[in-house]
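Trainee: Could you have a look at this structure, given as structure tokens, before my questions?
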Amino acid sequence: MTKKITIIADHDGKNIKPITWELFAFAKKIQAHEKADIYFFIIGENTKELAQDISIHSGCKTYAMDVLGTNNYHGQIYKKILIPFLTKNPADYILVPHTTSGMDYAPALSIALKGSCITAVEGIHNKDNVLHFVRAMFGRKIQADLSNKNLGASSPQVLTLQAGSFKPFKLDQNDIKNINIIHEAFDCLEKEMIYKGCQPSPSKGSNLAKAEVIVSGGRGIEEEENYKYIEMLADIFPRSATGASRPICDYGWAKYSQQVGATGTIISPKLYIACGISGATQHLEGIRDSQFIVAINSDPDAPIFQVADICIIEDLTDFIPIIVETAKKKRPTN
Amino acid sequence: MKILVCIKQVMESGSPIKIDPSGKWLQYSQSTRFEINKYDEYAIEEAIQIKENFKDTQIDVITVGPSHASDVLRRALGMGADEAIHILDEAKGYRPPAITAEWITAFVKKETYDLIFTGIMSDDEMNAQTGVMISQILDWPCATAVIKEEISNDRKKMRIEREIEGGAKDIFDITLPCVLTIQTGINTPRYPSLSKVLRAKKKTLQIIPAKTLKTAEQIPSLETIQFPEKTTRGIVLKGSSQDKAKALLNILASKTLV
Ligand SMILES: Cc1cc2nc3c(=O)[nH]c(=O)nc-3n(C[C@H](O)[C@H](O)[C@H](O)COP(=O)(O)OP(=O)(O)OC[C@H]3O[C@@H](n4cnc5c(N)ncnc54)[C@H](O)[C@@H]3O)c2cc1C
Ligand SMILES: Nc1ncnc2c1ncn2[C@@H]1O[C@H](COP(=O)(O)O)[C@@H](O)[C@H]1O
């Protein structure tokens, strides 16, 4: 029997976000395992053109739902729209981005639709004809394979996809013949949660976005005063800036404008040096576009080493002064 | 005001990691240390700060886990929680959040809470599901990644800020009862106080054996766990610290990065 895969698209009101095409790639991988039709679903205030864009580049039927009050993500409205829709149009797989919004409604869908939920999926493979979904645990030190083999036949599998796991996939052709959308407007009476505005990010205008070299400190610095090592190291590079992992900002040892990661700044320097940073998923989300990554960590199994170009297993409080000394000696004196 | 804070005991980050021969979970040893899930500490602190504002508040903490998980309940009592409930489940391994949420809500339905707090995510399993599932089972509104909250004087609603990508915050008014999943940075969790810790030691915990509760059926199965494949992408510098420093600077110089 042909299965149904529903992808919940992510967008910012003007553009479809790349994670949507990563979800499409994910759906294609499921399709390779079993026969399935793919549908897209998009919620927003003005979704017609966005839905056309999806439809053109996927060749898939797209449900566009205009709902007032969804210019910004609104969890209660999303749930109130998605649950009845997916009850009426059941899907076997519901694919959701693992973003701050996807995380907010996906687990609720699985409960309401009596399905299962696996979050932050990073990989998929077929073992003995059972689909395994691969995800990180224990701060990325462990990888787990989960399956839905014990799930009831009519229960949907809700899966959220970690950004950056699959190469975005979309059709090149720009064929409007592909357009297959169902565009509807909905009213949603929502009294329990009312949107009151937005507080801009503290990293707006932060110098991290422009710096060519960024040196960051994480919990491995252990004490506030050890942040000086991060500054020392940054000083040997021109056009450098200092950053930090989230906990360091939470402790008040660095400013939130210095936070690197999913909920801080996404950086793209020529060189990133991570000191005493374990390499949590949300931190990695912020450093993926760095051209060259150096990691200094005392734990040889630190996950940051899985993405670093240069791995240095050292205690940062010992090692950073040695680099600084060595750099000074090398520099021509005048 | 009655608040329930859901707290989980997790393995201390930095504990050595060994996989059990079953290949389905970690192997713990005598030297394995456990701690409270970091996000949950912020959730307890937030509840205590509410109590400081609304004096007639009662704070209950609940955990699902084996006997040694009671340590986190005592820690919460030491911080200032009033009552502690332990849903005792000696089963080892992955417990899908749907089960935890179902068990916690079975308890909640017999009580009258105004607010339920969870952490945004557990540090070990990293699901970020339990709080949202609890809210859906109860049919309460829910806000995730909350980094600020303020209860209105009539105690009927609260103004919350939830963090989104890039660190911006969306502001909402949400009616009570509701579920909030708490993100770090919302406050600075206090240390347990000595007098409260002493009292916590003597406190009787309410124990509910998990086997008396109905268990969610639509759940994923954990097949295996493994160490991530080591990528060959990076170079591991070898030698003395001085050797490594020189090698690093040479590489950076060759790429005109320094
Ligand atoms: C929704 C959400 C959003 C998040 N957003 C972000 C984000 O934007 N940015 C972010 O950074 N995090 C974010 N986090 C938090 C993230 O999950 C991790 O908790 C955090 O990144 C861990 O920071 P860390 O690496 O500094 O600390 P830890 O994980 O504790 O790592 C410390 C590291 O230091 C090493 N170390 C210890 N001592 C030394 C020493 N002397 N010398 C060298 N190394 C040493 C240890 O081996 C360890 O690897 C987010 C979490 C959630 C749930
Ligand atoms: N075993 C548990 N006992 C009590 N609360 C839990 C348990 N597991 C998860 N939680 C709560 O749910 C939050 C999110 O966990 P998770 O869904 O596993 O990422 C945690 O921060 C806790 O507040």
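We label chains A, B, ... in the order they appear in the structure tokens, count residues from 1 in each chain, and number ligands from 1 in the order shown.
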Excluding Phe166 (chain A) and its own-chain neighbours fewer than 5 positions away, which residues fall within 7 Å of it when counting only C-alpha atoms? Please give them as a PyMOL selection string.
Mentor: chain A and resi 22+25-26
Trainee: Would you write out those residues with N, CA, C and O atoms, as a PDB file, in the first residue's frame?
Mentor:
ATOM      1  N   GLU A  22      15.636  20.131   3.137  1.00  0.00           N
ATOM      2  CA  GLU A  22      16.298  19.022   3.829  1.00  0.00           C
ATOM      3  C   GLU A  22      15.240  17.983   4.222  1.00  0.00           C
ATOM      4  O   GLU A  22      15.481  16.771   4.147  1.00  0.00           O
ATOM      5  N   ALA A  25      14.521  15.972   1.219  1.00  0.00           N
ATOM      6  CA  ALA A  25      15.562  14.953   1.034  1.00  0.00           C
ATOM      7  C   ALA A  25      15.309  13.770   1.974  1.00  0.00           C
ATOM      8  O   ALA A  25      15.472  12.598   1.587  1.00  0.00           O
ATOM      9  N   PHE A  26      14.911  14.080   3.190  1.00  0.00           N
ATOM     10  CA  PHE A  26      14.590  13.050   4.184  1.00  0.00           C
ATOM     11  C   PHE A  26      13.418  12.196   3.675  1.00  0.00           C
ATOM     12  O   PHE A  26      13.463  10.953   3.692  1.00  0.00           O
TER      13      PHE A  26
END
Trainee: Contacts between chain B and chain A, please, where a residue of chain A counts if it comes within 6 Å (with only C-alpha atoms); show its shortest atom pair and distance in Å to one decimal, rows by chain and ascending number, as a Markdown table.
Mentor:
| residue | atom | partner | partner_atom | distance |
| --- | --- | --- | --- | --- |
| A:Thr100 | CA | B:Ile164 | CA | 5.6 |
| A:Asp104 | CA | B:Thr144 | CA | 5.9 |
| A:Pro107 | CA | B:Gln129 | CA | 5.5 |
| A:Ala108 | CA | B:Met133 | CA | 5.4 |
| A:Gly115 | CA | B:Gln218 | CA | 5.6 |
| A:Ser116 | CA | B:Ile219 | CA | 5.0 |
| A:Thr119 | CA | B:Asn127 | CA | 5.9 |
| A:Met137 | CA | B:Glu125 | CA | 5.0 |
| A:Phe138 | CA | B:Asp124 | CA | 4.3 |
| A:Ile142 | CA | B:Phe227 | CA | 5.0 |
| A:Gln143 | CA | B:Gln226 | CA | 5.3 |
| A:Ala144 | CA | B:Ile225 | CA | 4.2 |
| A:Asp145 | CA | B:Thr224 | CA | 5.3 |
| A:Leu146 | CA | B:Leu222 | CA | 4.5 |
| A:Ser147 | CA | B:Ser221 | CA | 5.3 |
| A:Asn148 | CA | B:Pro220 | CA | 4.7 |
| A:Leu151 | CA | B:Gln218 | CA | 5.6 |
| A:Glu192 | CA | B:Thr175 | CA | 5.2 |
| A:Met193 | CA | B:Ile174 | CA | 4.4 |
| A:Ile194 | CA | B:Asp173 | CA | 5.1 |
| A:Tyr195 | CA | B:Phe172 | CA | 4.5 |
| A:Lys196 | CA | B:Phe172 | CA | 5.1 |
| A:Gly197 | CA | B:Ile171 | CA | 5.3 |
| A:Cys198 | CA | B:Asp170 | CA | 4.5 |
| A:Gln199 | CA | B:Lys169 | CA | 4.9 |
| A:Pro200 | CA | B:Ala168 | CA | 4.7 |
| A:Ser201 | CA | B:Ala168 | CA | 3.8 |
| A:Phe237 | CA | B:Val258 | CA | 5.9 |
| A:Asp250 | CA | B:Gly185 | CA | 4.7 |
| A:Ala262 | CA | B:Glu165 | CA | 5.8 |
| A:Thr263 | CA | B:Gly166 | CA | 4.2 |
| A:Gly264 | CA | B:Gly166 | CA | 4.7 |
| A:Thr265 | CA | B:Gly166 | CA | 5.8 |
| A:Gln306 | CA | B:Thr231 | CA | 5.8 |
| A:Ala308 | CA | B:Gly234 | CA | 5.5 |
| A:Asp309 | CA | B:Gly234 | CA | 4.0 |
| A:Ile310 | CA | B:Ile235 | CA | 4.9 |
| A:Cys311 | CA | B:Val236 | CA | 4.6 |
| A:Ile312 | CA | B:Leu237 | CA | 5.7 |
| A:Ile323 | CA | B:Ala245 | CA | 5.0 |
Trainee: Report the distance between atom 20 (C, counted along the ligand's line) of ligand 2 and CA of Trp103 (chain B) in Å, rounded to one decimal place.
Mentor: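 So the two atoms, atom 20 (C, counted along the ligand's line) of ligand 2 and CA of Trp103 (chain B), lie 13.9 Å apart.
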Trainee: List the spatial neighbours of Glu49 (chain A) as a PyMOL selection string - criterion: any atom at most 10 Å away, only C-alpha atoms, same-chain residues fewer than 5 positions off excluded.
Mentor: chain A and resi 13-15+54-55+64+181+183
Trainee: Write to file, as a compact mmCIF listing (two decimals), in the first residue's frame, the residues of the selection just made, with N, CA, C and O atoms.
Mentor:
# COMPACT_ATOMS: atom_id res chain seq x y z
N GLY A 13 7.82 33.85 6.01
CA GLY A 13 6.82 34.77 5.47
C GLY A 13 7.16 35.21 4.06
O GLY A 13 6.27 35.49 3.27
N LYS A 14 8.47 35.24 3.74
CA LYS A 14 8.88 35.67 2.40
C LYS A 14 9.52 34.53 1.63
O LYS A 14 9.33 34.40 0.42
N ASN A 15 10.29 33.73 2.34
CA ASN A 15 11.03 32.66 1.67
C ASN A 15 10.84 31.33 2.37
O ASN A 15 10.66 31.29 3.59
N ILE A 54 7.05 25.89 -3.39
CA ILE A 54 7.29 24.51 -2.95
C ILE A 54 6.86 23.53 -4.03
O ILE A 54 7.57 22.59 -4.38
N SER A 55 5.68 23.78 -4.56
CA SER A 55 5.11 22.85 -5.52
C SER A 55 5.96 22.76 -6.79
O SER A 55 6.23 21.67 -7.29
N ALA A 64 -1.84 24.94 1.21
CA ALA A 64 -1.47 26.26 1.71
C ALA A 64 -2.59 26.76 2.59
O ALA A 64 -3.73 26.86 2.15
N ILE A 181 -1.58 23.16 -5.93
CA ILE A 181 -1.78 23.61 -4.55
C ILE A 181 -3.26 23.71 -4.20
O ILE A 181 -4.12 23.93 -5.05
N HIS A 183 -5.32 26.01 -1.78
CA HIS A 183 -5.13 27.22 -0.98
C HIS A 183 -6.43 27.54 -0.26
O HIS A 183 -7.47 27.72 -0.87
Trainee: Identify, counting only C-alpha atoms and all ligand atoms, the protein, DNA and RNA residues located within 7 Å of ligand 1, and give them as number ranges by chain.
Mentor: A: 100, 139, 217-222, 244-248, 259-264, 275-283, 286, 296-299, 302, 314-317; B: 13-14, 120-121, 145, 183
Trainee: Could you tell me, as a PyMOL selection string, which residues of region 26-190 of chain B DSSP assigns to strand (DSSP E) when given the backbone?
Mentor: chain B and resi 34-36+58-65+83-88+115-119+142-151+157-163+169-175+178-182
Trainee: Taking into account only C-alpha atoms, which residue in the set A:Lys127, A:Lys80, A:Lys167, A:Lys114 is nearest to Cys188 (chain A)?
Mentor: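 Closest to Cys188 (chain A), using only C-alpha atoms: A:Lys80.
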Trainee: Excluding region 29-36 of chain A and residues on its chain fewer than 4 positions from it, collect all residues at most 7 Å away from it, counting only C-alpha atoms, and give them as a list in words.
Mentor: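 The filter keeps Thr2, Lys3, Lys4, Ile5 and Ala25 of chain A.
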Trainee: Write out, as an mmCIF file, in the first residue's frame, the residues just selected, with N, CA and C atoms.
Mentor:
data_model
loop_
_atom_site.group_PDB
_atom_site.id
_atom_site.type_symbol
_atom_site.label_atom_id
_atom_site.label_comp_id
_atom_site.auth_asym_id
_atom_site.auth_seq_id
_atom_site.Cartn_x
_atom_site.Cartn_y
_atom_site.Cartn_z
ATOM 1 N N THR A 2 0.438 2.237 -0.761
ATOM 2 C CA THR A 2 1.225 3.463 -0.814
ATOM 3 C C THR A 2 1.047 4.254 0.482
ATOM 4 N N LYS A 3 2.177 4.636 1.071
ATOM 5 C CA LYS A 3 2.121 5.410 2.315
ATOM 6 C C LYS A 3 2.052 6.906 1.999
ATOM 7 N N LYS A 4 1.818 7.671 3.038
ATOM 8 C CA LYS A 4 1.735 9.127 2.858
ATOM 9 C C LYS A 4 2.739 9.831 3.768
ATOM 10 N N ILE A 5 3.495 10.730 3.164
ATOM 11 C CA ILE A 5 4.449 11.521 3.935
ATOM 12 C C ILE A 5 4.019 12.985 3.873
ATOM 13 N N ALA A 25 14.521 15.972 1.219
ATOM 14 C CA ALA A 25 15.562 14.953 1.034
ATOM 15 C C ALA A 25 15.309 13.770 1.974
#
Trainee: Could you check which of A:Asn174, A:Asp235, A:Asn46, A:Met103 is closest to ligand 2, using only C-alpha atoms and all ligand atoms?
Mentor: A:Met103
Trainee: I need the residue nearest Arg199 (chain B) from this list: B:Leu77, B:Leu213, B:Leu88, B:Ile99. Use only C-alpha atoms for the distance.
Mentor: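 Of B:Leu77, B:Leu213, B:Leu88, B:Ile99, the one nearest Arg199 (chain B) is B:Leu77, counting only C-alpha atoms.
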Trainee: B:Ala253, B:Ile87, B:Leu198, B:Ile36: which is nearest Ser67 (chain B), counting only C-alpha atoms?
Mentor: B:Ile87
Trainee: Could you check how far CA of Leu208 (chain A) sits from CA of Trp253 (chain A), in Å to one decimal?
Mentor: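 Distance between the two atoms: 16.8 Å.
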Trainee: Could you jot down the CA of Asn126 (chain A) to CA of Phe40 (chain A) separation for me, Å, one decimal place?
Mentor: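 Interatomic distance here is 24.1 Å.
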Trainee: Here is a test: counting only C-alpha atoms and all ligand atoms, which residue of B:Ser29, B:Gln206, B:Thr118, B:Ser70 is nearest to ligand 2?
Mentor: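 Of the candidates, the smallest distance to ligand 2 is held by B:Thr118.
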Trainee: Using only C-alpha atoms and all ligand atoms for the distances, tell me which of A:Cys117, A:Leu109, A:Asp301, A:Ala209 is nearest to ligand 2.
Mentor: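 Closest to ligand 2, using only C-alpha atoms and all ligand atoms: A:Cys117.
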Trainee: For Gly65 (chain B), please output as a ChimeraX atom specification all residues within 8 Å (counting only C-alpha atoms; exclusion window: fewer than 3 positions along the same chain).
Mentor: /B:8-9,68-69,86-90
Trainee: I need the residues from that last selection saved to file as a short mmCIF file (atom, residue, chain, number, x, y, z; two decimals), in the first residue's frame (with all heavy atoms), if you can.
Mentor:
data_model
loop_
_atom_site.label_atom_id
_atom_site.label_comp_id
_atom_site.auth_asym_id
_atom_site.auth_seq_id
_atom_site.Cartn_x
_atom_site.Cartn_y
_atom_site.Cartn_z
N LYS B 8 14.52 15.54 36.30
CA LYS B 8 15.09 14.26 35.89
C LYS B 8 16.52 14.13 36.39
O LYS B 8 17.27 15.11 36.39
CB LYS B 8 15.08 14.19 34.35
CG LYS B 8 15.55 12.85 33.80
CD LYS B 8 15.56 12.86 32.28
CE LYS B 8 15.77 11.45 31.75
NZ LYS B 8 15.93 11.43 30.30
N GLN B 9 16.87 12.92 36.76
CA GLN B 9 18.27 12.68 37.10
C GLN B 9 18.97 12.16 35.85
O GLN B 9 18.47 11.26 35.18
CB GLN B 9 18.35 11.63 38.21
CG GLN B 9 19.75 11.50 38.78
CD GLN B 9 19.87 10.37 39.79
OE1 GLN B 9 19.41 9.26 39.56
NE2 GLN B 9 20.49 10.67 40.91
N HIS B 68 17.81 5.65 42.93
CA HIS B 68 18.79 6.73 43.15
C HIS B 68 18.35 8.09 42.59
O HIS B 68 18.96 9.11 42.88
CB HIS B 68 20.20 6.33 42.69
CG HIS B 68 20.31 5.96 41.24
ND1 HIS B 68 20.29 6.88 40.24
CD2 HIS B 68 20.46 4.76 40.62
CE1 HIS B 68 20.44 6.26 39.07
NE2 HIS B 68 20.54 4.97 39.28
N ALA B 69 17.28 8.09 41.81
CA ALA B 69 16.77 9.37 41.29
C ALA B 69 16.20 10.23 42.41
O ALA B 69 16.00 11.44 42.24
CB ALA B 69 15.71 9.12 40.22
N HIS B 86 7.90 10.62 43.76
CA HIS B 86 8.83 9.77 43.01
C HIS B 86 8.05 8.65 42.33
O HIS B 86 7.52 7.77 42.99
CB HIS B 86 9.87 9.19 43.97
CG HIS B 86 10.98 8.46 43.28
ND1 HIS B 86 12.15 8.09 43.92
CD2 HIS B 86 11.12 8.06 42.01
CE1 HIS B 86 12.94 7.47 43.05
NE2 HIS B 86 12.34 7.44 41.89
N ILE B 87 7.97 8.71 41.01
CA ILE B 87 7.39 7.59 40.27
C ILE B 87 8.53 6.62 40.03
O ILE B 87 9.46 6.89 39.26
CB ILE B 87 6.73 8.06 38.95
CG1 ILE B 87 5.58 9.05 39.29
CG2 ILE B 87 6.21 6.87 38.15
CD1 ILE B 87 4.80 9.55 38.10
N LEU B 88 8.49 5.55 40.77
CA LEU B 88 9.63 4.65 40.85
C LEU B 88 9.59 3.63 39.72
O LEU B 88 8.65 2.85 39.59
CB LEU B 88 9.59 3.94 42.21
CG LEU B 88 10.80 3.11 42.59
CD1 LEU B 88 12.04 3.96 42.70
CD2 LEU B 88 10.54 2.40 43.92
N ASP B 89 10.62 3.67 38.89
CA ASP B 89 10.72 2.75 37.76
C ASP B 89 12.15 2.26 37.68
O ASP B 89 13.05 3.01 37.29
CB ASP B 89 10.32 3.48 36.46
CG ASP B 89 10.47 2.59 35.24
OD1 ASP B 89 10.36 1.36 35.39
OD2 ASP B 89 10.70 3.13 34.14
N GLU B 90 12.38 1.02 38.04
CA GLU B 90 13.76 0.51 38.07
C GLU B 90 14.24 0.10 36.68
O GLU B 90 15.41 -0.20 36.50
CB GLU B 90 13.89 -0.68 39.03
CG GLU B 90 13.60 -0.34 40.51
CD GLU B 90 14.64 0.59 41.16
OE1 GLU B 90 15.61 0.99 40.48
OE2 GLU B 90 14.45 0.92 42.35
#
Trainee: Run DSSP on the backbone and give me the residues of region 62-208 of chain B it puts in helix (DSSP H, G or I), as a ChimeraX atom specification.
Mentor: /B:67-79,97-108,130-138,165-167,194-202
